[in-house]
file target_24.cif (mmCIF, C-alpha atoms)
data_upload
loop_
_atom_site.label_atom_id
_atom_site.label_comp_id
_atom_site.auth_asym_id
_atom_site.auth_seq_id
_atom_site.Cartn_x
_atom_site.Cartn_y
_atom_site.Cartn_z
CA MET O 1 -12.00 -30.45 -38.22
CA LYS O 2 -11.80 -27.16 -36.40
CA VAL O 3 -8.69 -26.47 -34.35
CA MET O 4 -9.45 -25.06 -30.90
CA TYR O 5 -5.88 -24.42 -29.78
CA ARG O 6 -2.67 -24.10 -31.68
CA LEU O 7 0.41 -23.59 -29.54
CA ASP O 8 3.64 -22.42 -31.12
CA SER O 9 6.94 -22.36 -29.23
CA ILE O 10 5.27 -21.90 -25.87
CA ARG O 11 7.56 -21.43 -22.88
CA LYS O 12 6.57 -20.69 -19.33
CA CYS O 13 9.34 -19.79 -16.93
CA TYR O 14 9.31 -19.09 -13.22
CA GLY O 15 12.56 -17.24 -12.68
CA SER O 16 15.24 -19.43 -14.20
CA ASN O 17 13.07 -22.54 -14.03
CA VAL O 18 11.46 -23.54 -17.31
CA ALA O 19 8.14 -25.14 -16.38
CA LEU O 20 6.86 -25.57 -19.92
CA ASP O 21 8.61 -25.72 -23.27
CA ILE O 22 6.27 -26.84 -26.04
CA GLU O 23 7.39 -26.52 -29.62
CA GLY O 24 3.99 -27.18 -31.09
CA LEU O 25 0.66 -28.60 -29.97
CA THR O 26 -2.73 -28.71 -31.61
CA ILE O 27 -6.01 -29.45 -29.88
CA ALA O 28 -9.02 -30.13 -32.04
CA GLU O 29 -12.66 -29.34 -31.40
CA GLY O 30 -14.92 -31.96 -29.88
CA ARG O 31 -12.18 -34.35 -28.81
CA LEU O 32 -11.05 -35.62 -25.48
CA TYR O 33 -7.39 -35.44 -24.56
CA THR O 34 -5.77 -36.94 -21.53
CA LEU O 35 -2.72 -35.13 -20.24
CA THR O 36 -0.30 -37.35 -18.38
CA GLY O 37 3.15 -37.01 -16.91
CA ALA O 38 5.06 -37.05 -13.66
CA ASN O 39 4.58 -34.42 -10.97
CA GLY O 40 6.26 -31.21 -12.07
CA ALA O 41 6.05 -32.12 -15.75
CA GLY O 42 4.10 -28.93 -16.46
CA LYS O 43 0.56 -30.33 -16.75
CA SER O 44 -1.14 -27.80 -14.47
CA THR O 45 0.92 -24.98 -15.95
CA LEU O 46 -0.28 -25.96 -19.42
CA LEU O 47 -3.87 -26.11 -18.22
CA SER O 48 -3.69 -22.64 -16.65
CA ILE O 49 -2.38 -21.28 -19.96
CA LEU O 50 -5.13 -23.06 -21.89
CA ALA O 51 -7.63 -21.58 -19.39
CA PHE O 52 -6.26 -18.10 -20.15
CA LEU O 53 -5.45 -17.59 -16.50
CA ALA O 54 -1.69 -17.20 -17.00
CA PRO O 55 0.10 -15.99 -20.13
CA PRO O 56 3.11 -17.91 -21.40
CA THR O 57 6.50 -16.26 -21.00
CA SER O 58 7.00 -16.52 -24.76
CA GLY O 59 5.35 -18.08 -27.77
CA GLU O 60 1.96 -17.80 -29.40
CA ILE O 61 -1.42 -19.35 -28.84
CA HIS O 62 -4.21 -19.31 -31.35
CA TYR O 63 -7.70 -20.06 -30.10
CA ALA O 64 -10.31 -20.99 -32.70
CA GLY O 65 -8.02 -19.54 -35.34
CA LYS O 66 -7.51 -16.24 -33.54
CA ARG O 67 -4.19 -15.20 -32.05
CA VAL O 68 -4.50 -14.61 -28.32
CA ALA O 69 -3.02 -11.20 -27.50
CA TRP O 70 -3.24 -11.58 -23.69
CA ASP O 71 -4.40 -8.01 -23.28
CA PRO O 72 -6.59 -7.69 -20.17
CA GLY O 73 -9.50 -6.28 -22.17
CA SER O 74 -10.00 -9.39 -24.29
CA MET O 75 -9.27 -12.16 -21.79
CA GLU O 76 -12.77 -12.19 -20.30
CA GLU O 77 -14.15 -13.10 -23.72
CA TYR O 78 -11.78 -16.08 -24.01
CA ARG O 79 -12.37 -17.19 -20.44
CA ARG O 80 -16.09 -17.34 -21.09
CA LYS O 81 -15.48 -20.04 -23.69
CA VAL O 82 -13.21 -22.18 -21.56
CA THR O 83 -13.73 -23.48 -18.04
CA LEU O 84 -11.18 -25.04 -15.73
CA LEU O 85 -12.08 -27.47 -12.97
CA HIS O 86 -9.46 -28.06 -10.30
CA GLN O 87 -8.68 -31.24 -8.40
CA SER O 88 -9.75 -29.55 -5.18
CA PRO O 89 -12.25 -26.98 -6.39
CA TYR O 90 -13.14 -23.93 -4.36
CA LEU O 91 -16.83 -23.62 -3.59
CA PHE O 92 -18.06 -20.15 -2.78
CA GLY O 93 -19.97 -19.52 0.43
CA GLY O 94 -23.72 -19.83 0.03
CA THR O 95 -25.81 -22.56 -1.47
CA VAL O 96 -25.22 -25.12 -4.18
CA TYR O 97 -27.47 -23.01 -6.39
CA ASP O 98 -25.35 -19.89 -5.76
CA ASN O 99 -22.29 -21.82 -6.92
CA VAL O 100 -23.78 -23.42 -9.99
CA ALA O 101 -25.48 -20.19 -11.08
CA PHE O 102 -22.33 -18.08 -10.56
CA GLY O 103 -21.08 -18.22 -14.16
CA LEU O 104 -24.59 -17.73 -15.55
CA LYS O 105 -25.01 -14.59 -13.45
CA ALA O 106 -21.65 -13.36 -14.73
CA ARG O 107 -23.04 -13.84 -18.25
CA ARG O 108 -26.27 -12.07 -17.27
CA ILE O 109 -28.40 -15.13 -17.93
CA HIS O 110 -31.53 -14.66 -15.84
CA GLY O 111 -34.95 -16.08 -15.13
CA ASP O 112 -36.25 -19.39 -16.38
CA ALA O 113 -33.25 -20.01 -18.63
CA ARG O 114 -30.94 -19.86 -15.65
CA GLU O 115 -33.17 -22.02 -13.48
CA ARG O 116 -33.51 -24.67 -16.19
CA ARG O 117 -29.78 -24.82 -16.84
CA VAL O 118 -28.92 -25.06 -13.16
CA ASP O 119 -31.45 -27.86 -12.67
CA LYS O 120 -30.16 -29.74 -15.70
CA ALA O 121 -26.53 -29.43 -14.62
CA LEU O 122 -27.37 -30.69 -11.13
CA ASP O 123 -29.35 -33.49 -12.72
CA ASP O 124 -26.36 -34.43 -14.92
CA VAL O 125 -24.15 -34.95 -11.89
CA GLY O 126 -26.81 -36.68 -9.80
CA LEU O 127 -27.42 -33.84 -7.37
CA GLN O 128 -31.16 -33.34 -7.76
CA GLY O 129 -32.55 -31.81 -4.59
CA PHE O 130 -29.22 -30.25 -3.58
CA ARG O 131 -30.04 -26.73 -4.81
CA ASP O 132 -30.54 -25.18 -1.40
CA ARG O 133 -27.90 -27.12 0.49
CA LYS O 134 -25.02 -25.09 1.92
CA ALA O 135 -22.01 -25.67 -0.32
CA ARG O 136 -19.54 -25.74 2.56
CA GLU O 137 -21.43 -28.55 4.28
CA LEU O 138 -21.08 -31.03 1.42
CA SER O 139 -18.86 -34.08 1.39
CA GLY O 140 -15.77 -34.13 -0.83
CA GLY O 141 -17.49 -36.11 -3.57
CA GLU O 142 -20.59 -33.91 -3.49
CA ALA O 143 -18.44 -30.78 -3.63
CA GLN O 144 -16.63 -32.16 -6.66
CA ARG O 145 -19.96 -32.85 -8.35
CA VAL O 146 -21.14 -29.31 -7.61
CA ALA O 147 -17.94 -27.97 -9.15
CA MET O 148 -18.54 -30.17 -12.20
CA ALA O 149 -22.15 -28.91 -12.45
CA ARG O 150 -20.86 -25.35 -12.11
CA ALA O 151 -18.62 -25.94 -15.11
CA LEU O 152 -21.13 -27.93 -17.19
CA VAL O 153 -23.90 -25.37 -16.74
CA LEU O 154 -21.84 -22.91 -18.78
CA GLU O 155 -21.76 -25.26 -21.77
CA PRO O 156 -18.16 -24.23 -22.46
CA GLU O 157 -16.43 -24.83 -25.78
CA VAL O 158 -13.52 -26.33 -23.85
CA LEU O 159 -13.54 -28.00 -20.45
CA LEU O 160 -10.17 -28.31 -18.74
CA LEU O 161 -10.04 -30.80 -15.90
CA ASP O 162 -7.15 -31.00 -13.44
CA GLU O 163 -7.41 -34.48 -11.94
CA PRO O 164 -11.12 -34.10 -11.21
CA LEU O 165 -11.53 -37.71 -10.13
CA ALA O 166 -8.69 -37.87 -7.64
CA ASN O 167 -9.59 -38.06 -3.95
CA ILE O 168 -13.24 -38.95 -4.48
CA ASP O 169 -15.09 -42.18 -3.93
CA ARG O 170 -15.33 -44.76 -6.68
CA GLY O 171 -19.07 -44.28 -7.24
CA THR O 172 -18.76 -40.53 -7.74
CA ALA O 173 -15.68 -41.01 -9.92
CA GLY O 174 -17.58 -43.45 -12.14
CA LEU O 175 -20.50 -41.04 -12.48
CA LEU O 176 -18.28 -38.09 -13.34
CA GLU O 177 -16.23 -40.18 -15.77
CA THR O 178 -19.42 -41.05 -17.64
CA VAL O 179 -20.37 -37.37 -17.79
CA ILE O 180 -16.88 -36.42 -19.01
CA ALA O 181 -16.89 -39.15 -21.66
CA SER O 182 -20.19 -37.84 -23.03
CA LEU O 183 -18.95 -34.28 -23.54
CA PRO O 184 -17.16 -34.62 -26.90
CA ALA O 185 -20.40 -35.88 -28.44
CA ARG O 186 -21.98 -32.58 -27.36
CA GLY O 187 -19.20 -30.71 -29.14
CA THR O 188 -17.19 -29.88 -26.03
CA THR O 189 -13.43 -30.25 -26.21
CA VAL O 190 -12.01 -31.83 -23.07
CA VAL O 191 -8.45 -31.78 -21.76
CA LEU O 192 -8.07 -33.91 -18.67
CA ILE O 193 -5.05 -34.35 -16.41
CA THR O 194 -4.88 -37.82 -14.97
CA HIS O 195 -2.50 -40.08 -13.10
CA ASP O 196 -4.74 -43.10 -13.62
CA PRO O 197 -2.97 -45.19 -16.30
CA GLU O 198 -6.25 -46.85 -17.35
CA GLN O 199 -8.30 -43.70 -17.62
CA PRO O 200 -7.14 -42.64 -21.12
CA GLY O 201 -8.27 -46.04 -22.40
CA ARG O 202 -11.61 -45.88 -20.62
CA LEU O 203 -12.32 -42.40 -21.92
CA ASN O 204 -11.22 -43.28 -25.43
CA GLY O 205 -9.25 -40.06 -25.67
CA GLU O 206 -6.03 -39.00 -27.27
CA SER O 207 -3.05 -38.97 -24.97
CA ILE O 208 -0.57 -36.16 -24.49
CA LEU O 209 2.46 -37.04 -22.39
CA LEU O 210 4.48 -34.26 -20.82
CA GLU O 211 8.04 -34.81 -19.64
CA GLU O 212 9.94 -31.99 -18.01
CA GLY O 213 7.73 -29.43 -19.66
CA LYS O 214 7.97 -30.90 -23.15
CA VAL O 215 5.47 -32.92 -25.16
CA ALA O 216 7.03 -36.38 -25.13
CA THR O 217 4.83 -38.09 -27.68
CA PRO O 218 4.51 -36.64 -31.14
CA HIS O 219 1.06 -35.15 -31.32
CA PRO O 220 -0.50 -35.66 -34.72
CA PRO O 221 -1.36 -32.44 -36.48
CA VAL O 222 -4.99 -31.95 -37.27
CA ALA O 223 -5.82 -31.72 -40.91
CA MET Z 1 -11.62 -3.52 49.08
CA ASP Z 2 -14.60 -1.64 50.58
CA PHE Z 3 -13.63 1.32 48.43
CA LEU Z 4 -13.86 -0.79 45.26
CA VAL Z 5 -17.15 -2.42 46.30
CA SER Z 6 -18.81 0.85 47.26
CA SER Z 7 -17.51 2.49 44.07
CA LEU Z 8 -18.89 -0.36 42.03
CA ALA Z 9 -22.29 0.00 43.73
CA ALA Z 10 -22.27 3.74 43.08
CA ALA Z 11 -21.22 3.13 39.48
CA LEU Z 12 -24.10 0.71 38.92
CA ARG Z 13 -26.50 3.27 40.46
CA LEU Z 14 -25.23 5.92 38.02
CA ILE Z 15 -25.77 3.56 35.11
CA GLY Z 16 -29.19 2.42 36.40
CA THR Z 17 -30.47 5.98 36.89
CA PHE Z 18 -29.23 7.11 33.47
CA SER Z 19 -27.12 9.91 34.90
CA PRO Z 20 -27.18 12.70 32.25
CA ASP Z 21 -23.39 13.08 32.37
CA VAL Z 22 -22.93 9.37 31.79
CA VAL Z 23 -25.49 9.33 28.97
CA ASP Z 24 -23.86 12.38 27.33
CA ALA Z 25 -20.39 10.86 27.45
CA VAL Z 26 -21.60 7.53 26.10
CA GLY Z 27 -23.57 9.25 23.31
CA THR Z 28 -20.63 11.44 22.29
CA SER Z 29 -18.24 8.48 22.37
CA LEU Z 30 -20.47 6.32 20.21
CA ALA Z 31 -21.20 9.14 17.76
CA VAL Z 32 -17.60 10.22 17.17
CA SER Z 33 -16.35 6.62 17.11
CA ALA Z 34 -18.99 5.60 14.59
CA GLY Z 35 -18.21 8.63 12.42
CA ALA Z 36 -14.46 7.99 12.54
CA THR Z 37 -14.98 4.28 11.84
CA VAL Z 38 -17.11 5.00 8.76
CA PHE Z 39 -14.46 7.31 7.30
CA ALA Z 40 -11.64 4.95 8.30
CA ALA Z 41 -13.49 2.12 6.53
CA LEU Z 42 -14.01 4.24 3.43
CA PHE Z 43 -10.26 4.91 3.23
CA GLY Z 44 -8.84 1.82 4.86
CA ILE Z 45 -10.75 -1.00 3.15
CA PRO Z 46 -10.00 0.07 -0.44
CA LEU Z 47 -6.39 0.80 0.56
CA GLY Z 48 -5.94 -2.62 2.15
CA LEU Z 49 -7.56 -4.38 -0.80
CA LEU Z 50 -5.51 -2.40 -3.31
CA VAL Z 51 -2.22 -3.17 -1.58
CA GLY Z 52 -3.21 -6.81 -1.08
CA LEU Z 53 -4.39 -7.44 -4.62
CA SER Z 54 -1.80 -5.59 -6.65
CA ASP Z 55 1.91 -5.83 -7.20
CA PHE Z 56 3.83 -2.61 -7.53
CA PRO Z 57 7.29 -1.27 -6.77
CA LEU Z 58 7.81 -0.33 -3.12
CA LYS Z 59 4.89 -2.51 -2.01
CA ARG Z 60 6.92 -3.82 0.90
CA LEU Z 61 7.67 -0.26 1.97
CA VAL Z 62 3.96 0.65 1.82
CA VAL Z 63 3.10 -2.38 3.98
CA THR Z 64 5.82 -1.42 6.48
CA VAL Z 65 4.50 2.16 6.64
CA LEU Z 66 0.95 0.87 7.19
CA ASN Z 67 2.18 -1.39 9.98
CA THR Z 68 4.09 1.46 11.56
CA LEU Z 69 1.07 3.76 11.42
CA MET Z 70 -0.87 1.24 13.51
CA ALA Z 71 1.55 1.84 16.36
CA VAL Z 72 1.53 5.64 16.26
CA PRO Z 73 0.66 6.94 19.75
CA THR Z 74 -2.72 8.64 19.90
CA VAL Z 75 -1.22 11.80 21.36
CA VAL Z 76 1.06 12.10 18.32
CA VAL Z 77 -1.96 11.93 16.01
CA GLY Z 78 -3.66 14.43 18.30
CA LEU Z 79 -0.62 16.69 18.15
CA VAL Z 80 -0.38 16.63 14.35
CA VAL Z 81 -4.09 17.23 13.81
CA TYR Z 82 -4.00 19.93 16.51
CA GLY Z 83 -1.26 21.66 14.50
CA PHE Z 84 -3.50 21.69 11.43
CA LEU Z 85 -6.71 22.71 13.20
CA SER Z 86 -5.37 25.29 15.68
CA ARG Z 87 -5.95 28.96 14.85
CA GLN Z 88 -2.40 29.36 13.57
CA GLY Z 89 -2.63 26.11 11.57
CA PRO Z 90 -3.47 25.80 7.87
CA LEU Z 91 -7.03 24.65 8.63
CA GLY Z 92 -7.56 26.93 11.62
CA VAL Z 93 -10.00 29.08 9.70
CA LEU Z 94 -12.50 26.19 9.72
CA GLY Z 95 -12.86 26.51 13.49
CA LEU Z 96 -12.95 22.76 14.02
CA LEU Z 97 -10.68 22.47 17.03
CA PHE Z 98 -12.48 21.33 20.20
CA THR Z 99 -15.48 20.05 18.25
CA PRO Z 100 -16.71 16.48 17.74
CA THR Z 101 -15.65 16.83 14.09
CA ALA Z 102 -12.04 17.28 15.19
CA ILE Z 103 -12.26 14.04 17.19
CA VAL Z 104 -13.71 12.30 14.15
CA ILE Z 105 -10.80 13.52 12.01
CA GLY Z 106 -8.24 12.33 14.55
CA GLY Z 107 -10.09 9.06 15.05
CA THR Z 108 -10.18 8.47 11.31
CA LEU Z 109 -6.41 8.88 11.10
CA LEU Z 110 -5.98 6.50 14.02
CA ALA Z 111 -8.33 3.81 12.73
CA ALA Z 112 -7.65 3.90 8.99
CA PRO Z 113 -4.23 2.14 9.20
CA ILE Z 114 -5.78 -0.54 11.42
CA VAL Z 115 -8.67 -1.11 9.03
CA ALA Z 116 -6.25 -1.15 6.06
CA ASN Z 117 -3.91 -3.63 7.74
CA TYR Z 118 -6.72 -5.96 8.76
CA ALA Z 119 -8.20 -5.79 5.24
CA LEU Z 120 -4.74 -6.47 3.80
CA ALA Z 121 -4.32 -9.45 6.14
CA SER Z 122 -7.73 -10.77 5.06
CA VAL Z 123 -6.73 -10.59 1.39
CA ARG Z 124 -3.41 -12.30 2.11
CA GLY Z 125 -5.13 -14.99 4.12
CA ALA Z 126 -7.85 -15.56 1.55
CA ASP Z 127 -7.96 -18.85 -0.33
CA PRO Z 128 -5.78 -18.33 -3.42
CA ARG Z 129 -8.32 -20.26 -5.53
CA ILE Z 130 -11.09 -17.65 -5.15
CA VAL Z 131 -10.09 -15.23 -7.90
CA PRO Z 132 -8.95 -17.87 -10.44
CA THR Z 133 -12.18 -19.81 -9.83
CA ALA Z 134 -14.28 -16.70 -10.46
CA LEU Z 135 -12.24 -15.84 -13.56
CA THR Z 136 -12.50 -19.29 -15.06
CA LEU Z 137 -16.27 -19.19 -14.54
CA GLY Z 138 -16.39 -16.11 -16.73
CA ALA Z 139 -16.26 -13.33 -14.16
CA GLY Z 140 -14.63 -10.08 -15.19
CA ARG Z 141 -11.93 -8.54 -13.03
CA VAL Z 142 -14.44 -6.43 -11.09
CA LEU Z 143 -16.77 -9.36 -10.33
CA ALA Z 144 -13.79 -11.56 -9.39
CA VAL Z 145 -12.57 -8.97 -6.86
CA GLY Z 146 -16.17 -8.48 -5.66
CA THR Z 147 -16.41 -12.23 -5.13
CA LEU Z 148 -13.15 -12.19 -3.17
CA ILE Z 149 -14.48 -9.39 -0.96
CA ALA Z 150 -17.70 -11.33 -0.39
CA GLU Z 151 -15.72 -14.42 0.57
CA ILE Z 152 -13.55 -12.51 3.08
CA ARG Z 153 -16.38 -10.32 4.35
CA PHE Z 154 -15.93 -11.43 7.96
CA GLY Z 155 -12.28 -10.40 7.85
CA ILE Z 156 -13.33 -7.03 6.45
CA LEU Z 157 -15.97 -6.71 9.15
CA ALA Z 158 -13.36 -7.58 11.77
CA ALA Z 159 -11.19 -4.81 10.29
CA VAL Z 160 -13.98 -2.29 10.77
CA ILE Z 161 -14.66 -3.47 14.31
CA ALA Z 162 -10.97 -3.31 15.21
CA GLY Z 163 -10.96 0.26 13.91
CA PHE Z 164 -13.99 1.08 16.05
CA GLY Z 165 -12.31 -0.50 19.06
CA ARG Z 166 -9.23 1.64 18.55
CA VAL Z 167 -11.24 4.89 18.37
CA VAL Z 168 -13.72 4.23 21.15
CA SER Z 169 -10.99 3.29 23.61
CA GLU Z 170 -8.45 6.04 22.96
CA VAL Z 171 -7.94 9.13 25.12
CA GLY Z 172 -5.20 11.22 23.50
CA VAL Z 173 -7.02 12.35 20.36
CA ALA Z 174 -10.32 12.99 22.14
CA MET Z 175 -8.59 14.98 24.87
CA MET Z 176 -6.33 17.08 22.60
CA LEU Z 177 -8.77 17.71 19.77
CA GLY Z 178 -12.05 17.63 21.65
CA GLY Z 179 -10.96 19.50 24.72
CA ASN Z 180 -13.16 17.39 27.02
CA ILE Z 181 -16.02 19.92 26.98
CA ARG Z 182 -18.90 18.65 29.13
CA GLY Z 183 -21.97 17.70 27.11
CA TYR Z 184 -20.22 18.47 23.82
CA THR Z 185 -16.90 16.72 23.29
CA ARG Z 186 -16.58 14.76 26.52
CA THR Z 187 -16.24 11.10 25.63
CA MET Z 188 -16.27 8.08 27.92
CA THR Z 189 -12.48 7.86 28.02
CA THR Z 190 -11.81 11.56 28.61
CA ALA Z 191 -14.54 11.61 31.25
CA ILE Z 192 -12.95 8.64 33.00
CA ALA Z 193 -9.55 10.38 33.00
CA LEU Z 194 -10.99 13.66 34.26
CA GLU Z 195 -13.40 12.33 36.87
CA THR Z 196 -10.88 9.88 38.30
CA SER Z 197 -8.30 12.65 38.66
CA LYS Z 198 -10.97 14.68 40.51
CA GLY Z 199 -11.55 11.77 42.87
CA GLU Z 200 -14.90 10.76 41.30
CA PHE Z 201 -13.86 7.15 41.04
CA ALA Z 202 -17.43 5.78 40.93
CA PHE Z 203 -18.25 7.94 37.92
CA GLY Z 204 -15.12 6.75 36.15
CA MET Z 205 -15.98 3.18 37.02
CA ALA Z 206 -19.51 3.57 35.64
CA LEU Z 207 -18.11 4.73 32.32
CA GLY Z 208 -15.48 2.03 32.41
CA ILE Z 209 -18.19 -0.61 32.79
CA LEU Z 210 -20.15 0.90 29.91
CA LEU Z 211 -17.03 1.04 27.76
CA MET Z 212 -16.46 -2.66 28.39
CA MET Z 213 -20.10 -3.36 27.57
CA VAL Z 214 -19.78 -1.53 24.25
CA ALA Z 215 -16.70 -3.62 23.41
CA LEU Z 216 -18.54 -6.78 24.43
CA LEU Z 217 -21.63 -5.94 22.38
CA VAL Z 218 -19.58 -5.14 19.29
CA ASN Z 219 -17.74 -8.44 19.55
CA LEU Z 220 -20.95 -10.36 20.21
CA PHE Z 221 -22.39 -8.79 17.08
CA LEU Z 222 -19.36 -9.93 15.06
CA SER Z 223 -19.57 -13.40 16.54
CA LEU Z 224 -23.28 -13.65 15.65
CA LEU Z 225 -22.61 -12.58 12.07
CA GLN Z 226 -19.86 -15.16 11.71
CA ARG Z 227 -22.19 -17.93 12.81
CA ARG Z 228 -24.74 -17.08 10.11
#

call {"tool": "encode", "arguments": {"input": "target_24.cif", "output": "structure tokens"}}
result
Amino acid sequence: MKVMYRLDSIRKCYGSNVALDIEGLTIAEGRLYTLTGANGAGKSTLLSILAFLAPPTSGEIHYAGKRVAWDPGSMEEYRRKVTLLHQSPYLFGGTVYDNVAFGLKARRIHGDARERRVDKALDDVGLQGFRDRKARELSGGEAQRVAMARALVLEPEVLLLDEPLANIDRGTAGLLETVIASLPARGTTVVLITHDPEQPGRLNGESILLEEGKVATPHPPVA
Amino acid sequence: MDFLVSSLAAALRLIGTFSPDVVDAVGTSLAVSAGATVFAALFGIPLGLLVGLSDFPLKRLVVTVLNTLMAVPTVVVGLVVYGFLSRQGPLGVLGLLFTPTAIVIGGTLLAAPIVANYALASVRGADPRIVPTALTLGAGRVLAVGTLIAEIRFGILAAVIAGFGRVVSEVGVAMMLGGNIRGYTRTMTTAIALETSKGEFAFGMALGILLMMVALLVNLFLSLLQRR
């Protein structure tokens, strides 16, 4: 099985504070991982590194077998393969369509292809008919679904989710959980932060526990 | 009280009859203020964005200098630019002193720090999730910054309007660099100062009312844009 990420001796420090200290971690393609741990354990820091938004202070990351050099010129290419969805996502001003089509426009995907993908992504999250609604006028659950559609429309190799189901109603959470659970079958690797102790079981994923910046459970290497 | 009431009536008559002197002063004011605001925006917005979005040594010092420049008295700006544009000055050969262009130059120097500071404040006040969200959706650095600017566009617009407000309402630069030449460099503010000192209070009041109306219209425009 293909390895998406291989982390070697990754440390992330903020001043003298070590937020992350991972000796080794491997994330395989097409699997779902749940990332758990107490507040301050380093979960969000790890996700921002995996999203290529913040470089580690030291250590190496290989993505799809290629060492990530963290030079500004190549980061856009990596970021186009990985998408991060926050717990409280930011929706840009404008319509739902403007938001969902944002990443496609950045990739210069135009015309019918863009329209079809936007419609399908909105359909996946149950927001048919929301295309022209103003994004800032949506409820919390609707906004979260738009953010999910905005990520799904890009068909990323890896989807990183920072507590996407927190603070939303049970119905929306159930819908999004079903969508998330279906992603590995489409070949998408998912890493999901959760505080819900039952969610790893429901999603049938592999669990990674972080404690004080370190991986607490031995993570099996991928053959 | 009668003096104020009769002056107000005379002022309204001057406005209503489109007195040529009033129209000239208003036209000159709007033209030089618009020119100075455009140049101040061209310098100030990129400067504010650059300082707000980047980290570099002495950033705090640059911010302090920008803040200080906002408080520079208009006559000091007038004095410095006068030194450059006067016949003995390094740019005297251009013959710009006592022209509308000179007022535009002075106005630009007055407004640019204000525009830059407002733009900087908009960047600092922007939602910190904007740029990371754009980046994680595959935007390059340029598109991410463009998205940030689009999201804080009302703050940027407010910066430009604040710059316009500074230029249109100042006297020192217009008086020192324009020379208050009737029908050429006489602005609303210099005309108010001159006519009031001559005892033409109604004329000054007419221009004062128009100046307030310009400020009101500009702010109404901003308010309308924000509602959209």

call {"tool": "resolve_selection", "arguments": {"input": "target_24.cif", "expression": "the PyMOL selection byres ((chain O) within 12 of (chain Z))", "output": "PyMOL selection string"}}
result
chain O and resi 47-54+72-94+98-108+134+147-156+158-161

call {"tool": "atom_distance", "arguments": {"input": "target_24.cif", "atom1": "CA of Ala121 (chain Z)", "atom2": "CA of Leu225 (chain Z)"}}
result
19.5 Å

call {"tool": "resolve_selection", "arguments": {"input": "target_24.cif", "expression": "the PyMOL selection byres ((chain Z and resi 67) around 12)", "output": "ChimeraX atom specification"}}
result
/Z:48,60-66,68-72,112-118,120-121

call {"tool": "atom_distance", "arguments": {"input": "target_24.cif", "atom1": "CA of Gly208 (chain Z)", "atom2": "CA of Leu12 (chain Z)"}}
result
10.9 Å

call {"tool": "closest_residue", "arguments": {"input": "target_24.cif", "among": "O:Ser9, O:Ser182, O:Thr57, O:Thr36", "to": "Gly24 (chain O)", "atoms": "all atoms listed in the file"}}
result
O:Ser9

call {"tool": "atom_distance", "arguments": {"input": "target_24.cif", "atom1": "CA of Tyr184 (chain Z)", "atom2": "CA of Gly106 (chain Z)"}}
result
16.3 Å

call {"tool": "resolve_selection", "arguments": {"input": "target_24.cif", "expression": "the PyMOL selection byres ((chain Z and resi 204) around 10)", "output": "PDB file with C-alpha atoms, in the frame of the given file"}}
result
ATOM      1  CA  SER Z   7     -17.510   2.490  44.070  1.00  0.00           C
ATOM      2  CA  LEU Z   8     -18.890  -0.360  42.030  1.00  0.00           C
ATOM      3  CA  ALA Z  11     -21.220   3.130  39.480  1.00  0.00           C
ATOM      4  CA  VAL Z  22     -22.930   9.370  31.790  1.00  0.00           C
ATOM      5  CA  MET Z 188     -16.270   8.080  27.920  1.00  0.00           C
ATOM      6  CA  THR Z 189     -12.480   7.860  28.020  1.00  0.00           C
ATOM      7  CA  THR Z 190     -11.810  11.560  28.610  1.00  0.00           C
ATOM      8  CA  ALA Z 191     -14.540  11.610  31.250  1.00  0.00           C
ATOM      9  CA  ILE Z 192     -12.950   8.640  33.000  1.00  0.00           C
ATOM     10  CA  ALA Z 193      -9.550  10.380  33.000  1.00  0.00           C
ATOM     11  CA  LEU Z 194     -10.990  13.660  34.260  1.00  0.00           C
ATOM     12  CA  GLU Z 195     -13.400  12.330  36.870  1.00  0.00           C
ATOM     13  CA  THR Z 196     -10.880   9.880  38.300  1.00  0.00           C
ATOM     14  CA  SER Z 197      -8.300  12.650  38.660  1.00  0.00           C
ATOM     15  CA  LYS Z 198     -10.970  14.680  40.510  1.00  0.00           C
ATOM     16  CA  GLY Z 199     -11.550  11.770  42.870  1.00  0.00           C
ATOM     17  CA  GLU Z 200     -14.900  10.760  41.300  1.00  0.00           C
ATOM     18  CA  PHE Z 201     -13.860   7.150  41.040  1.00  0.00           C
ATOM     19  CA  ALA Z 202     -17.430   5.780  40.930  1.00  0.00           C
ATOM     20  CA  PHE Z 203     -18.250   7.940  37.920  1.00  0.00           C
ATOM     21  CA  MET Z 205     -15.980   3.180  37.020  1.00  0.00           C
ATOM     22  CA  ALA Z 206     -19.510   3.570  35.640  1.00  0.00           C
ATOM     23  CA  LEU Z 207     -18.110   4.730  32.320  1.00  0.00           C
ATOM     24  CA  GLY Z 208     -15.480   2.030  32.410  1.00  0.00           C
ATOM     25  CA  ILE Z 209     -18.190  -0.610  32.790  1.00  0.00           C
ATOM     26  CA  LEU Z 210     -20.150   0.900  29.910  1.00  0.00           C
TER      27      LEU Z 210
END

call {"tool": "residues_around", "arguments": {"input": "target_24.cif", "residues": "region 11-15 of chain O", "least_positions_apart": "2", "cutoff": "7 Å", "atoms": "only C-alpha atoms", "output": "list in words"}}
result
Ser9, Asn17, Val18, Ala19, Leu20, Asp21, Ile22, Pro56, Thr57, Ser58 and Gly59 of chain O

call {"tool": "closest_residue", "arguments": {"input": "target_24.cif", "among": "O:Asp169, O:Asp132, O:Asp162, O:Glu23", "to": "Ala216 (chain O)", "atoms": "all atoms listed in the file"}}
result
O:Glu23

call {"tool": "residues_near_point", "arguments": {"input": "target_24.cif", "point": "(-11.5, -30.8, -23.6)", "cutoff": "9 Å", "atoms": "all atoms listed in the file", "output": "list in words"}}
result
Ile27, Ala28, Glu29, Gly30, Arg31, Leu32, Tyr33, Thr34, Glu157, Val158, Leu159, Leu160, Leu161, Leu183, Pro184, Thr188, Thr189, Val190, Val191 and Leu192 of chain O
